[in-house]
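Chemist: First, the structure itself, so that you have it in front of you.
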Amino acid sequence: MADISLGNVSPGAASNVEHGIAGGTIAAGQPLRLDASGNLVPAQADAAGTATCKGLALHDAIVDQPIAYLDWGPIDVTSGVTIGT
């Protein structure tokens, strides 16, 4: 099965948005985790140490840039997924 790629994401009503620093290249919609330095990097489900999700990226970022992410609450996705699939 192919990975899901969320293109345009925004926080829904009553969502909590947090901010951090990117520790790598991040794309909007990617699940994020904290690395050993406390920076946000893409979470990966292939190992227990990298699978814990801190939130979903709300925009693209590269190393050392600020990144906003959805900590909890609804998210609006306008591209990248099809309802029912």
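Residue numbers start at 1 in each chain; chains themselves are named A, B, ... in the order of the structure tokens; ligands are numbered from 1 in the order shown.
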Identify all residues of stretch 17-60 of chain A in strand (DSSP E or B) (DSSP on the backbone) and supply them as a list in words.

Modeler: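 DSSP on the backbone gives strand (DSSP E or B) at Val17, Glu18, His19, Gly20, Ile21, Ala22, Ile26, Pro31, Leu32, Arg33, Leu34, Leu40, Val41, Pro42, Gly55, Leu56 and Ala57 of chain A.
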
Chemist: Neighbours of A:Val41 within 7 Å (only C-alpha atoms; same-chain residues fewer than 3 positions away dropped), as a PyMOL selection string?

Modeler: chain A and resi 22-24+26+32-35

Chemist: What separation in Å, quoted to one decimal, exists between atom CA of A:Asp60 and atom CA of A:Ala47?

Modeler: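 About the pair atom CA of A:Asp60 and atom CA of A:Ala47: they are 23.8 Å apart.
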
Chemist: Near A:Ala27, counting only C-alpha atoms, which residues have an atom at most 7 Å away, once you skip same-chain residues fewer than 2 positions from it, shown as a ChimeraX atom specification?

Modeler: /A:25,29-30,57,59-61

Chemist: Using only C-alpha atoms, which residues sit within 8 Å of A:Pro66 once same-chain residues fewer than 2 positions away are excluded, as a PyMOL selection string?

Modeler: chain A and resi 19-22+61+64+68

Chemist: Write the residues you've just listed into a file as a CSV table (one decimal), in the first residue's frame, and include N, CA, C and O atoms for each of them.

Modeler:
chain,number,residue,atom,x,y,z
A,19,HIS,N,4.3,25.1,18.2
A,19,HIS,CA,5.4,25.5,17.3
A,19,HIS,C,6.7,24.9,17.8
A,19,HIS,O,6.9,24.7,19.0
A,20,GLY,N,7.6,24.7,16.9
A,20,GLY,CA,8.9,24.1,17.2
A,20,GLY,C,9.9,24.4,16.1
A,20,GLY,O,9.6,25.2,15.2
A,21,ILE,N,11.1,23.8,16.1
A,21,ILE,CA,12.1,24.0,15.1
A,21,ILE,C,12.3,22.7,14.4
A,21,ILE,O,12.4,21.6,15.0
A,22,ALA,N,12.4,22.8,13.0
A,22,ALA,CA,12.6,21.6,12.2
A,22,ALA,C,14.0,21.1,12.3
A,22,ALA,O,15.0,21.8,12.3
A,61,ALA,N,8.9,22.8,5.9
A,61,ALA,CA,10.0,23.5,6.5
A,61,ALA,C,11.3,22.7,6.3
A,61,ALA,O,11.2,21.5,5.9
A,64,ASP,N,16.3,23.8,10.8
A,64,ASP,CA,16.4,25.1,11.6
A,64,ASP,C,15.3,26.1,11.4
A,64,ASP,O,15.4,27.2,11.9
A,68,ALA,N,5.0,25.0,12.5
A,68,ALA,CA,3.8,24.9,13.2
A,68,ALA,C,3.2,23.6,13.0
A,68,ALA,O,3.3,23.0,11.9

Chemist: Would you work out the distance separating atom CA of A:Leu58 from atom CA of A:Pro11, expressed in Å to one decimal?

Modeler: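 Result for atom CA of A:Leu58 versus atom CA of A:Pro11: 7.7 Å, one decimal.
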
Chemist: If you count only C-alpha atoms, which residues fall within 9 Å of stretch 44-46 of chain A, apart from same-chain ones fewer than 4 positions away, as a ChimeraX atom specification?

Modeler: /A:31-33,50-53

Chemist: Any idea what the distance is between atom CA of A:Val9 and atom CA of A:Tyr69?

Modeler: 10.1 Å
